[in-house]
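Asks: This one is input.cif, mmCIF, C-alpha atoms.
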data_target
loop_
_atom_site.label_atom_id
_atom_site.label_comp_id
_atom_site.auth_asym_id
_atom_site.auth_seq_id
_atom_site.Cartn_x
_atom_site.Cartn_y
_atom_site.Cartn_z
CA MET Y 1 0.00 0.00 0.00
CA ILE Y 2 1.52 3.34 -1.10
CA ASP Y 3 1.84 5.67 1.90
CA CYS Y 4 3.50 8.76 0.34
CA ILE Y 5 4.46 10.35 -2.97
CA ALA Y 6 8.22 10.93 -3.20
CA GLY Y 7 9.53 13.46 -5.70
CA TYR Y 8 12.77 15.21 -6.54
CA HIS Y 9 11.64 18.75 -7.33
CA LEU Y 10 8.83 19.81 -5.01
CA ASN Y 11 7.80 23.24 -6.25
CA PRO Y 12 4.68 22.86 -8.43
CA LEU Y 13 5.16 26.39 -9.79
CA THR Y 14 8.37 25.45 -11.55
CA CYS Y 15 8.23 21.72 -12.30
CA GLY Y 16 5.63 19.74 -14.21
CA ILE Y 17 6.32 16.51 -12.35
CA ALA Y 18 6.05 18.38 -9.03
CA LYS Y 19 2.61 19.61 -10.16
CA PHE Y 20 1.63 16.06 -11.10
CA ASN Y 21 2.80 14.77 -7.70
CA THR Y 22 0.98 17.55 -5.84
CA ILE Y 23 -2.34 16.84 -7.54
CA LEU Y 24 -1.89 13.06 -7.26
CA SER Y 25 -1.25 13.43 -3.53
CA ARG Y 26 -4.53 15.31 -3.14
CA HIS Y 27 -6.46 12.56 -4.84
CA LEU Y 28 -4.73 9.79 -2.88
CA GLU Y 29 -4.82 11.84 0.34
CA LEU Y 30 -1.13 11.15 0.90
CA PRO Y 31 1.79 13.47 1.71
CA VAL Y 32 4.42 14.55 -0.80
CA VAL Y 33 7.97 14.20 0.50
CA GLY Y 34 11.38 14.89 -0.96
CA ILE Y 35 13.46 11.94 -2.03
CA ARG Y 36 16.43 13.54 -0.28
CA ALA Y 37 14.44 14.18 2.90
CA VAL Y 38 15.21 12.32 6.10
CA GLU Y 39 11.49 11.69 6.66
CA LEU Y 40 11.37 9.40 3.61
CA GLY Y 41 12.71 6.69 5.89
CA SER Y 42 9.59 6.84 8.06
CA PHE Y 43 7.37 5.56 5.22
CA ARG Y 44 6.94 1.87 4.47
CA GLN Y 45 6.01 1.98 0.78
CA PRO Y 46 6.75 5.30 -0.97
CA LEU Y 47 5.83 5.85 -4.59
CA LEU Y 48 8.82 7.43 -6.34
CA SER Y 49 7.39 9.62 -9.10
CA ILE Y 50 10.47 10.81 -10.96
CA LYS Y 51 12.46 11.54 -14.11
CA LEU Y 52 16.04 10.64 -13.27
CA SER Y 53 17.50 13.03 -15.86
CA GLU Y 54 16.47 15.89 -13.53
CA PHE Y 55 18.76 14.60 -10.76
CA THR Y 56 22.28 15.81 -10.09
CA PRO Y 57 24.85 12.98 -10.33
CA ALA Y 58 25.30 13.04 -6.55
CA ASP Y 59 21.57 12.86 -5.84
CA ALA Y 60 21.14 10.09 -8.40
CA ALA Y 61 23.91 8.10 -6.70
CA ASP Y 62 22.27 8.61 -3.29
CA LEU Y 63 18.93 7.40 -4.66
CA ASP Y 64 20.68 4.36 -6.15
CA MET Y 65 22.15 3.46 -2.75
CA TRP Y 66 18.79 3.96 -1.02
CA ALA Y 67 16.97 1.81 -3.57
CA GLN Y 68 19.42 -1.06 -3.23
CA ALA Y 69 18.91 -0.96 0.53
CA HIS Y 70 15.10 -1.03 0.11
CA VAL Y 71 14.56 -3.61 -2.64
CA GLY Y 72 10.83 -4.27 -2.97
CA GLY Y 73 10.11 -1.56 -0.41
CA PHE Y 74 9.03 1.13 -2.86
CA GLU Y 75 7.01 1.61 -6.03
CA LEU Y 76 8.16 3.56 -9.08
CA PHE Y 77 6.30 5.87 -11.47
CA LEU Y 78 8.57 6.67 -14.41
CA HIS Y 79 7.92 9.82 -16.45
CA ALA Y 80 10.90 9.11 -18.74
CA PHE Y 81 13.67 6.54 -19.07
CA ASP Y 82 17.13 6.93 -20.61
CA GLY Y 83 18.46 3.46 -19.90
CA THR Y 84 21.26 4.47 -17.53
CA PRO Y 85 22.68 1.85 -15.15
CA ILE Y 86 21.05 3.59 -12.17
CA GLU Y 87 17.67 3.54 -13.91
CA GLN Y 88 18.10 -0.14 -14.72
CA ARG Y 89 18.81 -0.90 -11.06
CA LEU Y 90 15.82 1.18 -9.93
CA LEU Y 91 13.64 -0.72 -12.39
CA ALA Y 92 14.76 -4.03 -10.93
CA ALA Y 93 14.54 -2.97 -7.27
CA ALA Y 94 11.03 -1.50 -7.30
CA GLY Y 95 8.21 -3.62 -5.94
CA ARG Y 96 5.93 -2.33 -8.70
CA VAL Y 97 6.65 -0.13 -11.70
CA TYR Y 98 4.26 2.23 -13.47
CA CYS Y 99 5.01 4.28 -16.58
CA GLY Y 100 3.34 7.30 -18.07
CA ASN Y 101 2.83 6.24 -21.68
CA GLN Y 102 2.68 3.33 -24.13
CA GLU Y 103 6.16 3.93 -25.54
CA LEU Y 104 7.74 3.54 -22.10
CA ALA Y 105 5.70 0.40 -21.46
CA HIS Y 106 6.86 -1.10 -24.76
CA GLU Y 107 10.49 -0.22 -24.05
CA LEU Y 108 10.56 -1.49 -20.47
CA SER Y 109 8.33 -4.57 -20.64
CA PRO Y 110 11.23 -6.93 -21.55
CA SER Y 111 12.92 -5.96 -18.26
CA ARG Y 112 9.68 -5.70 -16.27
CA PRO Y 113 6.93 -7.84 -17.81
CA ASP Y 114 4.68 -6.78 -14.92
CA ILE Y 115 5.00 -3.06 -15.73
CA VAL Y 116 1.74 -1.13 -15.49
CA GLU Y 117 1.05 1.25 -18.37
CA LEU Y 118 -0.66 4.42 -17.13
CA PHE Y 119 -0.94 8.07 -18.20
CA CYS Y 120 -0.76 11.57 -16.73
CA PRO Y 121 -4.01 13.58 -16.53
CA GLY Y 122 -4.01 17.34 -17.03
CA THR Y 123 -2.19 19.30 -14.33
CA LEU Y 124 -4.13 22.52 -13.94
CA LEU Y 125 -3.26 23.14 -10.32
CA ASP Y 126 -5.69 26.01 -9.74
CA PRO Y 127 -8.38 25.99 -12.43
CA MET Y 128 -10.43 29.13 -11.97
CA ARG Y 129 -12.01 31.88 -14.02
CA PHE Y 130 -10.87 35.43 -13.51
CA LYS Y 131 -13.55 37.37 -11.68
CA ALA Y 132 -14.52 40.62 -13.37
CA THR Y 133 -13.80 43.49 -10.97
CA GLU Y 134 -13.98 47.27 -11.10
CA VAL Y 135 -10.28 47.74 -10.35
CA SER Y 136 -7.37 45.61 -11.57
CA VAL Y 137 -3.82 45.88 -10.30
CA PHE Y 138 -0.96 44.35 -12.26
CA THR Y 139 2.38 43.76 -10.59
CA PHE Y 140 5.47 42.10 -11.98
CA GLY Y 141 9.12 41.92 -11.11
CA MET Y 142 11.80 39.64 -9.72
CA ALA Y 143 10.57 36.73 -7.62
CA HIS Y 144 12.86 37.48 -4.67
CA LYS Y 145 11.84 41.15 -4.40
CA ILE Y 146 8.24 41.15 -3.20
CA ARG Y 147 7.82 44.00 -0.67
CA VAL Y 148 4.98 42.67 1.42
CA ALA Y 149 4.65 45.72 3.71
CA HIS Y 150 3.81 48.01 0.79
CA TYR Y 151 1.16 45.59 -0.42
CA ARG Y 152 -0.52 45.78 2.98
CA LYS Y 153 -0.82 49.53 2.51
CA LEU Y 154 -2.09 48.99 -1.04
CA ARG Y 155 -4.81 46.70 0.29
CA GLU Y 156 -5.97 49.41 2.70
CA LEU Y 157 -6.18 51.92 -0.15
CA LEU Y 158 -8.05 49.49 -2.40
CA GLU Y 159 -10.51 48.55 0.34
CA ALA Y 160 -11.18 52.24 1.02
CA THR Y 161 -12.39 52.76 -2.55
CA GLY Y 162 -15.37 50.49 -1.90
CA LYS Y 163 -14.84 48.93 -5.34
CA THR Y 164 -14.20 45.31 -6.24
CA TYR Y 165 -10.60 44.61 -7.21
CA SER Y 166 -8.20 41.89 -8.38
CA ILE Y 167 -4.41 41.57 -8.25
CA TYR Y 168 -2.60 39.98 -11.20
CA THR Y 169 1.02 39.12 -10.48
CA SER Y 170 3.70 37.91 -12.84
CA THR Y 171 7.34 37.28 -12.07
CA ALA Y 172 10.78 36.88 -13.55
CA LEU Y 173 14.09 35.52 -12.33
CA HIS Y 174 17.62 36.88 -12.41
CA GLU Y 175 20.14 34.54 -14.01
CA ASN Y 176 21.62 32.15 -11.44
CA THR Y 177 18.68 32.62 -9.07
CA ASN Y 178 15.82 30.23 -8.59
CA PHE Y 179 12.14 30.19 -7.83
CA ASP Y 180 12.71 29.06 -4.27
CA GLY Y 181 10.54 28.51 -1.23
CA SER Y 182 10.92 32.10 -0.07
CA PHE Y 183 8.94 33.32 -3.08
CA VAL Y 184 6.23 30.74 -2.47
CA VAL Y 185 5.95 31.92 1.15
CA ARG Y 186 5.71 35.54 0.07
CA PHE Y 187 3.17 34.77 -2.62
CA GLU Y 188 1.08 32.99 -0.03
CA GLU Y 189 1.40 36.11 2.14
CA LEU Y 190 0.02 38.16 -0.76
CA GLN Y 191 -2.87 35.73 -1.10
CA ALA Y 192 -3.59 36.17 2.60
CA ILE Y 193 -3.28 39.97 2.47
CA PHE Y 194 -5.67 40.28 -0.44
CA ASP Y 195 -8.00 37.52 0.77
CA GLY Y 196 -7.58 35.28 -2.28
CA ARG Y 197 -7.96 38.06 -4.86
CA VAL Y 198 -4.47 37.38 -6.28
CA TYR Y 199 -3.98 35.56 -9.59
CA PHE Y 200 -0.49 34.24 -10.29
CA MET Y 201 0.27 34.68 -13.99
CA GLY Y 202 3.67 32.97 -14.08
CA TYR Y 203 6.31 34.12 -16.57
CA LEU Y 204 4.71 36.31 -19.21
CA SER Y 205 6.00 37.25 -22.64
CA ASP Y 206 6.55 40.92 -23.42
CA THR Y 207 3.37 40.86 -25.51
CA ALA Y 208 1.36 39.57 -22.57
CA VAL Y 209 2.96 42.11 -20.20
CA PHE Y 210 2.18 44.93 -22.63
CA ASN Y 211 -1.48 43.96 -22.77
CA HIS Y 212 -1.73 43.82 -18.99
CA LEU Y 213 -0.09 47.24 -18.71
CA VAL Y 214 -2.52 48.75 -21.20
CA ASP Y 215 -5.59 47.17 -19.60
CA CYS Y 216 -4.88 47.41 -15.85
CA THR Y 217 -6.15 50.19 -13.61
CA TYR Y 218 -2.82 50.37 -11.74
CA LEU Y 219 0.68 48.96 -12.00
CA ALA Y 220 2.16 48.29 -8.55
CA ALA Y 221 5.94 48.04 -8.16
CA PHE Y 222 7.68 48.45 -4.82
CA PHE Y 223 11.37 48.59 -3.93
CA GLU Y 224 13.61 48.23 -0.89
CA LYS Y 225 14.56 51.93 -0.82
CA GLY Y 226 12.70 53.55 -3.66
CA LEU Y 227 12.16 53.62 -7.41
CA ARG Y 228 15.32 54.13 -9.48
CA ALA Y 229 15.68 55.51 -13.00
CA ASN Y 230 17.13 52.21 -14.27
CA ASN Y 231 14.11 50.15 -13.28
CA THR Y 232 12.80 48.92 -16.61
CA THR Y 233 9.58 47.56 -15.09
CA VAL Y 234 8.25 50.97 -14.13
CA ASN Y 235 9.71 52.70 -17.18
CA ALA Y 236 7.88 50.26 -19.46
CA ALA Y 237 4.64 50.80 -17.54
CA MET Y 238 4.93 54.57 -17.80
CA GLU Y 239 5.69 54.36 -21.51
CA CYS Y 240 2.42 52.45 -21.88
CA GLY Y 241 0.52 55.11 -19.95
CA ALA Y 242 -0.10 52.91 -16.92
CA THR Y 243 -0.90 54.58 -13.60
CA VAL Y 244 2.00 53.49 -11.42
CA ILE Y 245 1.84 52.97 -7.66
CA THR Y 246 5.37 52.77 -6.26
CA ASN Y 247 7.58 54.17 -3.49
CA LEU Y 248 9.72 57.26 -4.05
CA ASP Y 249 12.70 58.71 -2.19
CA GLU Y 250 15.32 61.41 -2.79
CA HIS Y 251 17.11 59.26 -5.37
CA SER Y 252 14.05 58.41 -7.46
CA PRO Y 253 13.90 59.71 -11.07
CA ARG Y 254 13.77 63.49 -11.41
CA GLY Y 255 10.43 64.89 -12.42
CA LEU Y 256 8.26 62.23 -10.81
CA VAL Y 257 5.65 63.90 -8.61
CA HIS Y 258 3.11 62.19 -6.36
CA MET Y 259 -0.42 62.36 -7.80
CA LYS Y 260 0.84 64.14 -10.92
CA ASN Y 261 2.56 61.40 -12.91
CA VAL Y 262 2.96 58.64 -10.30
CA ILE Y 263 1.41 57.56 -7.00
CA ASP Y 264 3.77 57.30 -4.01
CA ILE Y 265 2.43 54.59 -1.69
CA ASN Y 266 4.06 56.27 1.32
CA ARG Y 267 2.25 59.58 0.73
CA CYS Y 268 -1.07 58.28 -0.52
CA ASP Y 269 -4.08 58.41 1.79
CA ARG Y 270 -6.63 57.60 -0.93
CA LEU Y 271 -6.52 56.31 -4.47
CA PRO Y 272 -7.65 58.67 -7.24
CA ASP Y 273 -10.92 58.20 -9.08
CA PHE Y 274 -10.78 56.69 -12.57
CA GLU Y 275 -10.62 60.04 -14.34
CA GLN Y 276 -7.74 61.29 -12.21
CA ALA Y 277 -5.94 57.95 -12.50
CA GLU Y 278 -6.10 58.13 -16.29
CA LYS Y 279 -4.73 61.69 -16.12
CA ILE Y 280 -1.78 60.46 -14.03
CA GLY Y 281 -1.17 57.71 -16.58
CA ARG Y 282 -1.14 60.18 -19.46
CA ALA Y 283 1.33 62.39 -17.57
CA ALA Y 284 3.49 59.32 -16.89
CA ARG Y 285 3.58 58.49 -20.60
CA GLU Y 286 4.60 62.05 -21.40
CA ILE Y 287 7.56 62.21 -19.00
CA ALA Y 288 8.66 58.67 -19.89
CA HIS Y 289 8.89 59.50 -23.60
CA ARG Y 290 10.24 63.02 -23.07
CA ASP Y 291 12.90 62.37 -20.42
CA TYR Y 292 13.45 58.62 -20.08
CA GLY Y 293 13.00 57.17 -23.56
CA TRP Y 294 15.45 55.50 -25.93
CA ASP Y 295 15.97 58.63 -27.99
CA GLN Y 296 17.10 60.56 -24.91
CA LEU Y 297 19.48 57.79 -23.85
CA VAL Y 298 21.00 57.39 -27.32
CA SER Y 299 21.47 61.15 -27.71
CA GLN Y 300 23.65 61.20 -24.61
CA LEU Y 301 25.69 58.17 -25.65
CA ARG Y 302 26.23 59.12 -29.26
CA PRO Y 303 29.43 61.17 -29.83
CA VAL Y 304 28.98 64.72 -31.07
CA VAL Y 305 29.72 64.94 -34.79
CA LYS Y 306 31.84 67.98 -35.66
CA THR Y 307 31.17 69.77 -38.95
#
For the structure just supplied, provide its representation as C-alpha cells.

Replies:
Amino acid sequence: MIDCIAGYHLNPLTCGIAKFNTILSRHLELPVVGIRAVELGSFRQPLLSIKLSEFTPADAADLDMWAQAHVGGFELFLHAFDGTPIEQRLLAAAGRVYCGNQELAHELSPSRPDIVELFCPGTLLDPMRFKATEVSVFTFGMAHKIRVAHYRKLRELLEATGKTYSIYTSTALHENTNFDGSFVVRFEELQAIFDGRVYFMGYLSDTAVFNHLVDCTYLAAFFEKGLRANNTTVNAAMECGATVITNLDEHSPRGLVHMKNVIDINRCDRLPDFEQAEKIGRAAREIAHRDYGWDQLVSQLRPVVKT
C-alpha cells in the first residue's frame, strides 16, 4: 500500500512533475515528500514519481544506494527513461513499476513484464475563471523582491475605494537565481493579504505584459529603498501610460511627482478616481517619452559629430 508520494523537485510552480505529484497526492490523500528528505525513511512503501535526468549525479547516486537498501520496499512511477545503469537498477529494485505512456511500457516490458502502463491527466493546479472586478492591479518583477509591507498599505487603499478589485502578479528571475521557497511563502502572504484576490500569472511574454499594462487600472511596483531611473519595469509601464503605484525617495527619477505622474504609496491616503488615475497615466507616458526614452538615452551616448 503506497503511503506517500516521493519526488525530486517539489515546487509545483516550476516543475511539471512536481505539479503532477501535488495533484496526485490530493487525490490519494497522501503526503508529498522529498526523495532527499530524512522523513522518507519513516514511510513503508513510498511511490517514487520521478524523471532521473532531472537529478544531479550526486543525488542520483544517493537514490541508487537507497533503492538497493530497500529492494521491494518502494514503487516507481517513471515519467521518462534513458536506460542508464542507475535507472536499470531502480527498475529491478522497485516492488511495482508504473510508466506514463505506451512507448515507455513497450520499451521497459522486456525488463519488467509486470510493468503497469498508465498516463498523466491534465495538471491545472488552480483551475479558476478570472472574476470581473472594477479595479485591476498588475504587478510584476523579480521573484525574490516582493515587498509585502507596501502591499498591505495597497490593500488598505483598495478597500477604502469600496470597489471590487483583483491583483494579477507575474514574475521573472535573475540569471543564477531560482524560484525558491521564499517566493512561495511571500506569494502565499500576498494571497492572505488580499484575501484570495491574487492571480499568479507565471512568466509572461513581453506581448502579454504589454497587454496587462494597457488594460490594468494600476501597475504596482515596490522597492527596498525607492524607485530608481534604471528600473525597466516601471519605465515600461509609464511608456504604456499605466498609472504606477510605487515608493519614491530622494534618489528616485527626477520629475516624478506624487499624484501628478505617479502615486507614491508612502504619501497616498486615498486612491484617485478613474478620471484622475487616467490623467496620471497620461502624464506618466509624457515624461517617460520626453525624459526617459530610448531617444534621450542614445542622444547622450552618441558622440557629437563635428562639422

Asks: Do you know which residues are at most 6 Å from region 238-254 of chain Y counting only C-alpha atoms, after dropping those on the same chain fewer than 2 positions away, and could you put them as number ranges by chain?

Replies: Y: 213, 218-222, 226-229, 235-236, 256, 262-265, 280-282, 284-285, 288

Asks: Using the chain letters and numbering of this document, enumerate as a ChimeraX atom specification the residues selected by the PyMOL selection byres ((chain Y and resi 61) around 12).

Replies: /Y:36,52,55-60,62-68,84-87,89-90

Asks: Please dump the current selection as a PDB file, keeping the file's coordinate frame; keep C-alpha atoms.

Replies:
ATOM      1  CA  ARG Y  36      16.430  13.540  -0.280  1.00  0.00           C
ATOM      2  CA  LEU Y  52      16.040  10.640 -13.270  1.00  0.00           C
ATOM      3  CA  PHE Y  55      18.760  14.600 -10.760  1.00  0.00           C
ATOM      4  CA  THR Y  56      22.280  15.810 -10.090  1.00  0.00           C
ATOM      5  CA  PRO Y  57      24.850  12.980 -10.330  1.00  0.00           C
ATOM      6  CA  ALA Y  58      25.300  13.040  -6.550  1.00  0.00           C
ATOM      7  CA  ASP Y  59      21.570  12.860  -5.840  1.00  0.00           C
ATOM      8  CA  ALA Y  60      21.140  10.090  -8.400  1.00  0.00           C
ATOM      9  CA  ASP Y  62      22.270   8.610  -3.290  1.00  0.00           C
ATOM     10  CA  LEU Y  63      18.930   7.400  -4.660  1.00  0.00           C
ATOM     11  CA  ASP Y  64      20.680   4.360  -6.150  1.00  0.00           C
ATOM     12  CA  MET Y  65      22.150   3.460  -2.750  1.00  0.00           C
ATOM     13  CA  TRP Y  66      18.790   3.960  -1.020  1.00  0.00           C
ATOM     14  CA  ALA Y  67      16.970   1.810  -3.570  1.00  0.00           C
ATOM     15  CA  GLN Y  68      19.420  -1.060  -3.230  1.00  0.00           C
ATOM     16  CA  THR Y  84      21.260   4.470 -17.530  1.00  0.00           C
ATOM     17  CA  PRO Y  85      22.680   1.850 -15.150  1.00  0.00           C
ATOM     18  CA  ILE Y  86      21.050   3.590 -12.170  1.00  0.00           C
ATOM     19  CA  GLU Y  87      17.670   3.540 -13.910  1.00  0.00           C
ATOM     20  CA  ARG Y  89      18.810  -0.900 -11.060  1.00  0.00           C
ATOM     21  CA  LEU Y  90      15.820   1.180  -9.930  1.00  0.00           C
TER      22      LEU Y  90
END

Asks: In Å, how far is it from CA of Gln191 (chain Y) to CA of Val135 (chain Y)?

Replies: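 Atom-to-atom, CA of Gln191 (chain Y) and CA of Val135 (chain Y) are spaced 16.9 Å apart.
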
Asks: Select, counting only C-alpha atoms, all protein, DNA and RNA residues no farther than 8 Å from (14.7, -5.0, -18.2) in file coordinates, and express the selection as a list of chain:residue names.

Replies: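 In the file's frame, the residues around the point are Y:Gln88, Y:Leu91, Y:Ala92, Y:Leu108, Y:Ser109, Y:Pro110, Y:Ser111, Y:Arg112.
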
Asks: With distances taken over all atoms listed in the file, which of Y:Leu76, Y:Ala105, Y:Cys4, Y:Ala237 is nearest to Gly41 (chain Y)?

Replies: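 Using all atoms listed in the file, Gly41 (chain Y) sits closest to Y:Cys4.
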
Asks: In Å, how far is it from CA of Phe77 (chain Y) to CA of Glu103 (chain Y)?

Replies: 14.2 Å

Asks: Determine the nearest neighbour of Val214 (chain Y) from the options Y:Tyr151, Y:Phe187, Y:Tyr98, Y:Phe138, counting all atoms listed in the file.

Replies: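 Among the listed residues, Y:Phe138 lies closest to Val214 (chain Y).
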
Asks: Could you write out as a PyMOL selection string the residues that the PyMOL selection byres ((chain Y and resi 209) around 12) matches in the shown file?

Replies: chain Y and resi 138-141+168-172+201-208+210-216+219+233-234+236-237+240+242

Asks: Quick one: write out the picked residues with C-alpha atoms as a compact mmCIF listing (two decimals), in the coordinates of the input?

Replies:
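What ended up in selection.txt:
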# COMPACT_ATOMS: atom_id res chain seq x y z
CA PHE Y 138 -0.96 44.35 -12.26
CA THR Y 139 2.38 43.76 -10.59
CA PHE Y 140 5.47 42.10 -11.98
CA GLY Y 141 9.12 41.92 -11.11
CA TYR Y 168 -2.60 39.98 -11.20
CA THR Y 169 1.02 39.12 -10.48
CA SER Y 170 3.70 37.91 -12.84
CA THR Y 171 7.34 37.28 -12.07
CA ALA Y 172 10.78 36.88 -13.55
CA MET Y 201 0.27 34.68 -13.99
CA GLY Y 202 3.67 32.97 -14.08
CA TYR Y 203 6.31 34.12 -16.57
CA LEU Y 204 4.71 36.31 -19.21
CA SER Y 205 6.00 37.25 -22.64
CA ASP Y 206 6.55 40.92 -23.42
CA THR Y 207 3.37 40.86 -25.51
CA ALA Y 208 1.36 39.57 -22.57
CA PHE Y 210 2.18 44.93 -22.63
CA ASN Y 211 -1.48 43.96 -22.77
CA HIS Y 212 -1.73 43.82 -18.99
CA LEU Y 213 -0.09 47.24 -18.71
CA VAL Y 214 -2.52 48.75 -21.20
CA ASP Y 215 -5.59 47.17 -19.60
CA CYS Y 216 -4.88 47.41 -15.85
CA LEU Y 219 0.68 48.96 -12.00
CA THR Y 233 9.58 47.56 -15.09
CA VAL Y 234 8.25 50.97 -14.13
CA ALA Y 236 7.88 50.26 -19.46
CA ALA Y 237 4.64 50.80 -17.54
CA CYS Y 240 2.42 52.45 -21.88
CA ALA Y 242 -0.10 52.91 -16.92
